[in-house]
Amino acid sequence: MQWRRMLASCAIVAATTVPPALCAATYPALAPLPPVPVPRDNPQTPAKIELGRLLFWDYRLSGDSSMPCAVCHLPDRGWGDGAPLSRGYPGTKHWRNSQTVLNSAYYNKLFWDGSVTSLETQAPAAAEGSVAGNGDSSVMEMRLRFVPEYVEGFKAVFGTDWPRINDAWRAIAAYERTIVSDARKVPFDRHMNGEARALNAAQLAGMKLFYGKAGCIQCHNGPLASDQKYYDTGVPDHPGFQDDPLLQITHRWQHYQRGVPEAMYRGATRDYGLYYQTKNPKDIGKFRTPSLRELKYTAPYMHNGVFTTLQQVVDFYDAGGGKAFNGTALLKPLKLTADEKQQLVAFLEALSMTEPLVEEKPRLPGGYRPLPPPAQ
Amino acid sequence: MFRRDFLAGAQFVVTLALAAALTTAVGLLPSHAAESLPDLAPMPETKPGNPAMIALGRYFFFDYRLSGDRSLSCASCHDPRKGWGDAQALSTGYSSMEYFRNTPTVVNARHRRRFMWDGRLDGADAGTLVRDMITETHFMNMDSRLMQERLKQIPEYEALWKQWRNDDINGMRVYNVIGEFIRTLETTNAPFDRFVRGDAAAISEEAKAGYALFKGKARCVSCHDGPLGADGKLHNTGVPEHPDVLRNPLRTITMLRHYATSGMPNYMRARVDVGAYAITKDRRDTGKFNTAQLRDLKYTAPYMHNGVFRTLNEVIDFYDRGGGAGSELKPLGLDAGEKRALREFLLTLSGDPVIVKDPGQPEFAVRTFGRN
């Protein structure tokens, strides 16, 4: 609470006169991640995590049995899908980037516009979303009931006679809470935990820029390197966004289904971001600050994957961001030198593990089985 | 036989027995006797529909983009070359799913009093029927809003829509447009209709004998009356279960899921198709299904709500036995010649094949950016 108030007052000052660097000290510092927060109504247990791991990969949790969570969140592609824009449900093209699952357990809201408040609600939003999993909760639930291993597994974990779909989302959330950075492998975390020479000279110089001249800390702060707030930094359109009918279909669908006023729907020229949530014109074009952890493995970047390298991202912010609807005074041209940019990229990479967290696809429970006669 | 196996110990035994006892005691709907004698009727004259809607609806009917993953059109299951059904006993449905009932023909939909095998939709509203088929997860699994946005990116559709009304393609109206097209699909030139209208030579002498049986000894007319040969009511004739519904878990999944979402009690215990009970929750409706029309039988095999009979001979044999377990019918005692005559007559209710050509799918082309 305390730092949030300080942050707010500083932001106001920064927006008027004081250069960001002067305020840096009042932003929550980058730090190793604390233990994963676990909601009281969904405690972690090994059996639940294991069940969630299977479900994360299980194709049956989608409309046409082809789109498990793992299709858009592939462990060997940084738990995203490696493409600028998420592939979307067969027959559709998504208009946003698939975000990494890594460290998603630390966010207070999920999706680029913060439309859900927990991993437990993110999972069904994706599995049921028309341009993602397009599954119907009742049919997905019934499918699980015809897989004997799941009937047993859900009974052991949740104590129900038959699998319930909400418990599937809880198990997946529990599993996702295990997909986090290992501080022992993150150079920055090792540095903070007292290891000498965990960061090299360029990385240390980059850190100084991060807190100072580059002003990254204004939004990318705290252990997650995200203030979990929403900004319009003027990220350019994805190439083809205006010309590809499939992208326009899903983009306009988003306008329609999120219930924006008619004039806004008809005049849609860009992804409105947070506005879909709040319907406040001041929120048009704002997206949640992403974490900077594990960037090494999670290219391409931004809500529409428009930048393929960290160098491009740094160049973008060096120019003070792009053409924004609701621009933030926090962004100004930075006038970084080429060396400084390289140092910044070096530091950003030090926020990633030295080797990726990869998981093999587990052996899934077998096919559907006929139901036994009902118990007496 | 399999019905008995799977029913053993289940509550449905009690339910079915109860239903059978009730209907047998009451007899064959005495209300029929009180009214003027039921009979078949020729196809009525109909007013032509809205031409612009029909033209557009024909495109939509054949367009794969009306399903969630763009793999199915209405015509995938209601194939004009297969009597506007799919010629299978049990419908396939959406990708990775399989359904537990037969795909009925859409021909003569405008004259049906109730839609769906369990009679859950009113026949006056073809648009709602279309909406259910397109949005239902085990049929076309389509989000109406996404469908709307897809159709708006097809300039030909935009132009055709403008011929109908001066606004934008709208998800809800799309269903009515397809409904308007479906309402044009009717049986025409059936020999029976010509016969009733005075052409004595339109049907054979054997068929005429069959007609007499239909109204008399075989008592078909007690349920199969009016222009379609369907009373629009629910009946339990004890049609055997299709064994694949329990053998193939994909079919049991869609069946139990249908029961679950219909709010049926104890749906996980169901091992037979309970029919209208899932909708009404009235135990007397267990095993009852919407009377099938007798028009176009020539093109619409296999028969019954689960396609369990492949030929009309099997159907006639079944009713000659008085139907199956729990049936509200009595044995008929037809001889082989009478059965042949009946079959001959039934075929006179079929008209010319209803042929509609697939107009093809106009391509997507992006609308003017920022003008929706």
# chains A, B, ... in the order shown; residues from 1 in each chain; ligands from 1
call {"tool": "interface_residues", "arguments": {"of": "chain A", "to": "chain B", "cutoff": "9 Å", "atoms": "only C-alpha atoms", "output": "PyMOL selection string"}}
result
chain A and resi 60+63-66+89-92+130-131+134-136+138-139+141-143+145-146+162+242-246+248-250+252-254+256-257+265-270+368-371+373-376
call {"tool": "write_last_selection", "arguments": {"atoms": "C-alpha atoms", "output": "CSV table (one decimal), in the first residue's frame"}}
result
chain,number,residue,atom,x,y,z
A,60,ARG,CA,-10.2,-32.8,-25.1
A,63,GLY,CA,-14.3,-27.4,-29.1
A,64,ASP,CA,-12.9,-29.7,-31.8
A,65,SER,CA,-10.4,-31.6,-29.6
A,66,SER,CA,-7.4,-29.9,-31.3
A,89,TYR,CA,-9.0,-21.6,-33.1
A,90,PRO,CA,-9.0,-23.4,-36.4
A,91,GLY,CA,-10.8,-21.2,-39.0
A,92,THR,CA,-9.9,-18.0,-37.1
A,130,SER,CA,-14.6,-18.4,-29.7
A,131,VAL,CA,-11.2,-17.6,-31.2
A,134,ASN,CA,-14.1,-22.6,-28.6
A,135,GLY,CA,-15.1,-25.4,-26.2
A,136,ASP,CA,-18.4,-25.7,-24.5
A,138,SER,CA,-20.7,-28.9,-20.5
A,139,VAL,CA,-19.3,-31.0,-23.3
A,141,GLU,CA,-16.9,-31.8,-18.6
A,142,MET,CA,-18.8,-34.7,-20.1
A,143,ARG,CA,-15.8,-35.8,-22.1
A,145,ARG,CA,-16.3,-38.2,-17.4
A,146,PHE,CA,-15.7,-40.8,-20.1
A,162,TRP,CA,-17.6,-37.3,-11.6
A,242,GLN,CA,-5.7,-3.8,-41.7
A,243,ASP,CA,-5.7,-6.0,-44.8
A,244,ASP,CA,-6.3,-9.5,-43.5
A,245,PRO,CA,-10.0,-10.3,-43.4
A,246,LEU,CA,-9.4,-13.0,-40.8
A,248,GLN,CA,-10.4,-7.9,-39.0
A,249,ILE,CA,-13.1,-10.5,-38.3
A,250,THR,CA,-11.7,-11.4,-34.9
A,252,ARG,CA,-14.3,-6.6,-34.9
A,253,TRP,CA,-15.8,-9.6,-33.1
A,254,GLN,CA,-13.9,-8.4,-30.0
A,256,TYR,CA,-18.9,-6.5,-30.8
A,257,GLN,CA,-18.8,-9.1,-28.1
A,265,TYR,CA,-17.6,-0.6,-33.0
A,266,ARG,CA,-18.3,0.8,-36.4
A,267,GLY,CA,-15.2,3.0,-36.4
A,268,ALA,CA,-12.9,0.4,-35.0
A,269,THR,CA,-9.4,1.0,-36.3
A,270,ARG,CA,-7.3,-0.4,-33.5
A,368,TYR,CA,-12.9,-42.5,-24.0
A,369,ARG,CA,-14.4,-45.7,-22.5
A,370,PRO,CA,-18.1,-46.7,-22.5
A,371,LEU,CA,-19.8,-45.9,-19.2
A,373,PRO,CA,-23.9,-49.4,-15.7
A,374,PRO,CA,-25.1,-46.9,-13.1
A,375,ALA,CA,-24.3,-47.8,-9.5
A,376,GLN,CA,-27.3,-48.9,-7.5
call {"tool": "residues_around", "arguments": {"residues": "A:Ala171", "least_positions_apart": "3", "cutoff": "12 Å", "atoms": "only C-alpha atoms", "output": "NGL selection string"}}
result
:A and (41-56 or 119-121 or 123-124 or 150 or 153-154 or 157-158 or 163-168 or 174-178)
call {"tool": "write_last_selection", "arguments": {"atoms": "N, CA and C atoms", "output": "JSON list (two decimals), in the first residue's frame"}}
result
[["chain", "number", "residue", "atom", "x", "y", "z"],
["A", 41, "ASP", "N", -8.72, -20.77, -1.56],
["A", 41, "ASP", "CA", -9.72, -21.77, -1.96],
["A", 41, "ASP", "C", -9.20, -22.74, -3.01],
["A", 42, "ASN", "N", -7.92, -22.67, -3.31],
["A", 42, "ASN", "CA", -7.37, -23.66, -4.26],
["A", 42, "ASN", "C", -5.93, -24.00, -3.87],
["A", 43, "PRO", "N", -5.78, -24.65, -2.72],
["A", 43, "PRO", "CA", -4.41, -24.94, -2.25],
["A", 43, "PRO", "C", -3.68, -25.90, -3.19],
["A", 44, "GLN", "N", -2.36, -25.76, -3.21],
["A", 44, "GLN", "CA", -1.53, -26.63, -4.05],
["A", 44, "GLN", "C", -1.40, -28.00, -3.39],
["A", 45, "THR", "N", -1.59, -29.07, -4.16],
["A", 45, "THR", "CA", -1.23, -30.41, -3.69],
["A", 45, "THR", "C", -0.54, -31.10, -4.87],
["A", 46, "PRO", "N", 0.37, -32.01, -4.58],
["A", 46, "PRO", "CA", 1.07, -32.69, -5.68],
["A", 46, "PRO", "C", 0.10, -33.38, -6.64],
["A", 47, "ALA", "N", -0.94, -34.01, -6.12],
["A", 47, "ALA", "CA", -1.86, -34.74, -7.00],
["A", 47, "ALA", "C", -2.62, -33.75, -7.89],
["A", 48, "LYS", "N", -3.00, -32.61, -7.33],
["A", 48, "LYS", "CA", -3.74, -31.62, -8.13],
["A", 48, "LYS", "C", -2.85, -31.04, -9.22],
["A", 49, "ILE", "N", -1.60, -30.78, -8.86],
["A", 49, "ILE", "CA", -0.66, -30.22, -9.85],
["A", 49, "ILE", "C", -0.45, -31.21, -10.98],
["A", 50, "GLU", "N", -0.33, -32.49, -10.63],
["A", 50, "GLU", "CA", -0.12, -33.51, -11.66],
["A", 50, "GLU", "C", -1.36, -33.62, -12.56],
["A", 51, "LEU", "N", -2.54, -33.57, -11.95],
["A", 51, "LEU", "CA", -3.78, -33.60, -12.74],
["A", 51, "LEU", "C", -3.83, -32.39, -13.67],
["A", 52, "GLY", "N", -3.45, -31.23, -13.12],
["A", 52, "GLY", "CA", -3.46, -30.01, -13.94],
["A", 52, "GLY", "C", -2.48, -30.10, -15.09],
["A", 53, "ARG", "N", -1.35, -30.76, -14.85],
["A", 53, "ARG", "CA", -0.35, -30.93, -15.91],
["A", 53, "ARG", "C", -0.94, -31.72, -17.08],
["A", 54, "LEU", "N", -1.66, -32.80, -16.76],
["A", 54, "LEU", "CA", -2.29, -33.60, -17.82],
["A", 54, "LEU", "C", -3.34, -32.77, -18.56],
["A", 55, "LEU", "N", -4.15, -32.06, -17.80],
["A", 55, "LEU", "CA", -5.24, -31.29, -18.41],
["A", 55, "LEU", "C", -4.70, -30.16, -19.29],
["A", 56, "PHE", "N", -3.57, -29.60, -18.87],
["A", 56, "PHE", "CA", -2.95, -28.52, -19.65],
["A", 56, "PHE", "C", -2.63, -28.99, -21.06],
["A", 119, "LEU", "N", -5.91, -17.18, -12.36],
["A", 119, "LEU", "CA", -5.62, -18.27, -13.30],
["A", 119, "LEU", "C", -6.82, -19.19, -13.41],
["A", 120, "GLU", "N", -7.57, -19.31, -12.33],
["A", 120, "GLU", "CA", -8.75, -20.19, -12.34],
["A", 120, "GLU", "C", -9.81, -19.69, -13.32],
["A", 121, "THR", "N", -9.85, -18.39, -13.56],
["A", 121, "THR", "CA", -10.82, -17.89, -14.54],
["A", 121, "THR", "C", -10.20, -17.66, -15.91],
["A", 123, "ALA", "N", -8.22, -19.86, -17.41],
["A", 123, "ALA", "CA", -8.24, -21.13, -18.15],
["A", 123, "ALA", "C", -9.56, -21.33, -18.90],
["A", 124, "PRO", "N", -10.73, -21.18, -18.24],
["A", 124, "PRO", "CA", -11.96, -21.34, -19.01],
["A", 124, "PRO", "C", -12.17, -20.24, -20.05],
["A", 150, "TYR", "N", -9.33, -39.97, -15.53],
["A", 150, "TYR", "CA", -9.75, -38.67, -15.01],
["A", 150, "TYR", "C", -10.81, -38.83, -13.93],
["A", 153, "GLY", "N", -8.84, -39.65, -11.01],
["A", 153, "GLY", "CA", -7.99, -38.53, -10.63],
["A", 153, "GLY", "C", -8.77, -37.39, -9.98],
["A", 154, "PHE", "N", -9.90, -37.03, -10.55],
["A", 154, "PHE", "CA", -10.72, -35.95, -9.99],
["A", 154, "PHE", "C", -11.29, -36.37, -8.64],
["A", 157, "VAL", "N", -8.54, -36.04, -6.06],
["A", 157, "VAL", "CA", -8.13, -34.66, -5.75],
["A", 157, "VAL", "C", -9.28, -33.84, -5.20],
["A", 158, "PHE", "N", -10.45, -33.97, -5.78],
["A", 158, "PHE", "CA", -11.56, -33.08, -5.42],
["A", 158, "PHE", "C", -12.70, -33.80, -4.69],
["A", 163, "PRO", "N", -15.87, -35.97, -12.67],
["A", 163, "PRO", "CA", -15.13, -34.73, -12.90],
["A", 163, "PRO", "C", -16.07, -33.54, -13.12],
["A", 164, "ARG", "N", -15.71, -32.42, -12.56],
["A", 164, "ARG", "CA", -16.45, -31.18, -12.78],
["A", 164, "ARG", "C", -15.53, -30.20, -13.46],
["A", 165, "ILE", "N", -16.08, -29.48, -14.40],
["A", 165, "ILE", "CA", -15.22, -28.68, -15.25],
["A", 165, "ILE", "C", -14.52, -27.58, -14.45],
["A", 166, "ASN", "N", -15.19, -27.00, -13.46],
["A", 166, "ASN", "CA", -14.52, -25.96, -12.69],
["A", 166, "ASN", "C", -13.32, -26.50, -11.94],
["A", 167, "ASP", "N", -13.39, -27.77, -11.54],
["A", 167, "ASP", "CA", -12.23, -28.38, -10.89],
["A", 167, "ASP", "C", -11.08, -28.57, -11.88],
["A", 168, "ALA", "N", -11.42, -28.79, -13.14],
["A", 168, "ALA", "CA", -10.36, -28.89, -14.16],
["A", 168, "ALA", "C", -9.59, -27.58, -14.24],
["A", 174, "ALA", "N", -3.42, -24.63, -10.58],
["A", 174, "ALA", "CA", -2.42, -25.12, -9.62],
["A", 174, "ALA", "C", -1.14, -25.51, -10.35],
["A", 175, "TYR", "N", -1.32, -26.17, -11.50],
["A", 175, "TYR", "CA", -0.14, -26.55, -12.29],
["A", 175, "TYR", "C", 0.61, -25.30, -12.77],
["A", 176, "GLU", "N", -0.13, -24.31, -13.25],
["A", 176, "GLU", "CA", 0.52, -23.11, -13.78],
["A", 176, "GLU", "C", 1.28, -22.36, -12.69],
["A", 177, "ARG", "N", 0.87, -22.53, -11.43],
["A", 177, "ARG", "CA", 1.59, -21.88, -10.33],
["A", 177, "ARG", "C", 2.96, -22.52, -10.11],
["A", 178, "THR", "N", 3.22, -23.62, -10.80],
["A", 178, "THR", "CA", 4.55, -24.22, -10.70],
["A", 178, "THR", "C", 5.45, -23.79, -11.86]]
call {"tool": "atom_distance", "arguments": {"atom1": "atom CA of B:Ser204", "atom2": "atom CA of B:Phe192"}}
result
10.1 Å
call {"tool": "select_by_dssp", "arguments": {"residues": "stretch 94-292 of chain A", "states": "strand (DSSP E)", "output": "PDB file with C-alpha atoms, in the first residue's frame"}}
result
ATOM      1  CA  TYR A 230      -2.117  -0.236 -18.179  1.00  0.00           C
ATOM      2  CA  TYR A 231      -0.514   2.163 -20.624  1.00  0.00           C
ATOM      3  CA  PHE A 287      -2.348  -2.673 -22.259  1.00  0.00           C
ATOM      4  CA  ARG A 288      -1.061  -4.251 -19.103  1.00  0.00           C
TER       5      ARG A 288
END
call {"tool": "residues_around", "arguments": {"residues": "stretch 344-354 of chain B", "least_positions_apart": "4", "cutoff": "6 Å", "atoms": "only C-alpha atoms", "output": "list of chain:residue names"}}
result
B:Thr187, B:Thr188, B:Asn189, B:Ala190, B:Pro191, B:Phe192, B:Ala207, B:Gly210, B:Tyr211, B:Arg295, B:Asp296
call {"tool": "write_last_selection", "arguments": {"atoms": "C-alpha atoms", "output": "tab-separated table (two decimals), in the first residue's frame"}}
result
chain	number	residue	atom	x	y	z
B	187	THR	CA	-42.45	-31.99	-51.45
B	188	THR	CA	-43.98	-31.40	-54.86
B	189	ASN	CA	-45.76	-33.58	-57.38
B	190	ALA	CA	-46.22	-36.54	-55.05
B	191	PRO	CA	-48.42	-39.25	-56.66
B	192	PHE	CA	-50.60	-39.27	-53.56
B	207	ALA	CA	-51.11	-48.46	-53.29
B	210	GLY	CA	-52.28	-49.71	-48.90
B	211	TYR	CA	-54.08	-46.41	-48.32
B	295	ARG	CA	-43.18	-37.41	-46.96
B	296	ASP	CA	-40.06	-38.17	-48.97
call {"tool": "residues_around", "arguments": {"residues": "B:Tyr277", "least_positions_apart": "5", "cutoff": "10 Å", "atoms": "only C-alpha atoms", "output": "count of residues only"}}
result
12
call {"tool": "closest_residue", "arguments": {"among": "A:Ser115, A:Thr26, A:Ser352, A:Gln277", "to": "A:Leu292", "atoms": "only C-alpha atoms"}}
result
A:Ser352
call {"tool": "atom_distance", "arguments": {"atom1": "atom CA of A:Phe347", "atom2": "atom CA of A:Ser98"}}
result
24.0 Å
call {"tool": "residues_around", "arguments": {"residues": "B:Gly232", "least_positions_apart": "6", "cutoff": "8 Å", "atoms": "only C-alpha atoms", "output": "PyMOL selection string"}}
result
chain B and resi 112-114+290-291
call {"tool": "atom_distance", "arguments": {"atom1": "atom CA of B:Pro359", "atom2": "atom CA of B:Phe62"}}
result
7.5 Å
call {"tool": "select_by_dssp", "arguments": {"residues": "stretch 56-199 of chain B", "states": "helix (DSSP H, G or I)", "output": "ChimeraX atom specification"}}
result
/B:56-61,64-66,74-77,80-82,109-111,126-135,144-152,155-164,171-182,191-196
call {"tool": "closest_atom_pairs", "arguments": {"of": "stretch 201-298 of chain B", "to": "stretch 36-42 of chain B", "cutoff": "9 Å", "atoms": "only C-alpha atoms", "output": "Markdown table"}}
result
| residue | atom | partner | partner_atom | distance |
| --- | --- | --- | --- | --- |
| B:Lys215 | CA | B:Asp39 | CA | 7.2 |
| B:Val221 | CA | B:Asp39 | CA | 6.2 |
| B:Ser222 | CA | B:Pro38 | CA | 7.0 |
| B:Cys223 | CA | B:Pro38 | CA | 8.9 |
| B:His224 | CA | B:Leu40 | CA | 7.4 |
| B:Asp225 | CA | B:Leu40 | CA | 4.7 |
| B:Gly226 | CA | B:Leu40 | CA | 4.5 |
| B:Pro227 | CA | B:Ala41 | CA | 4.3 |
| B:Leu228 | CA | B:Leu40 | CA | 7.5 |
| B:Gly229 | CA | B:Leu40 | CA | 6.0 |
| B:Ala230 | CA | B:Leu40 | CA | 8.9 |
call {"tool": "closest_residue", "arguments": {"among": "A:Ala127, A:Ala338, A:Leu74, A:Leu348", "to": "A:Ala225", "atoms": "only C-alpha atoms"}}
result
A:Leu348
call {"tool": "closest_residue", "arguments": {"among": "B:His111, B:Lys357, B:His305, B:Arg173", "to": "B:Val239", "atoms": "only C-alpha atoms"}}
result
B:His305
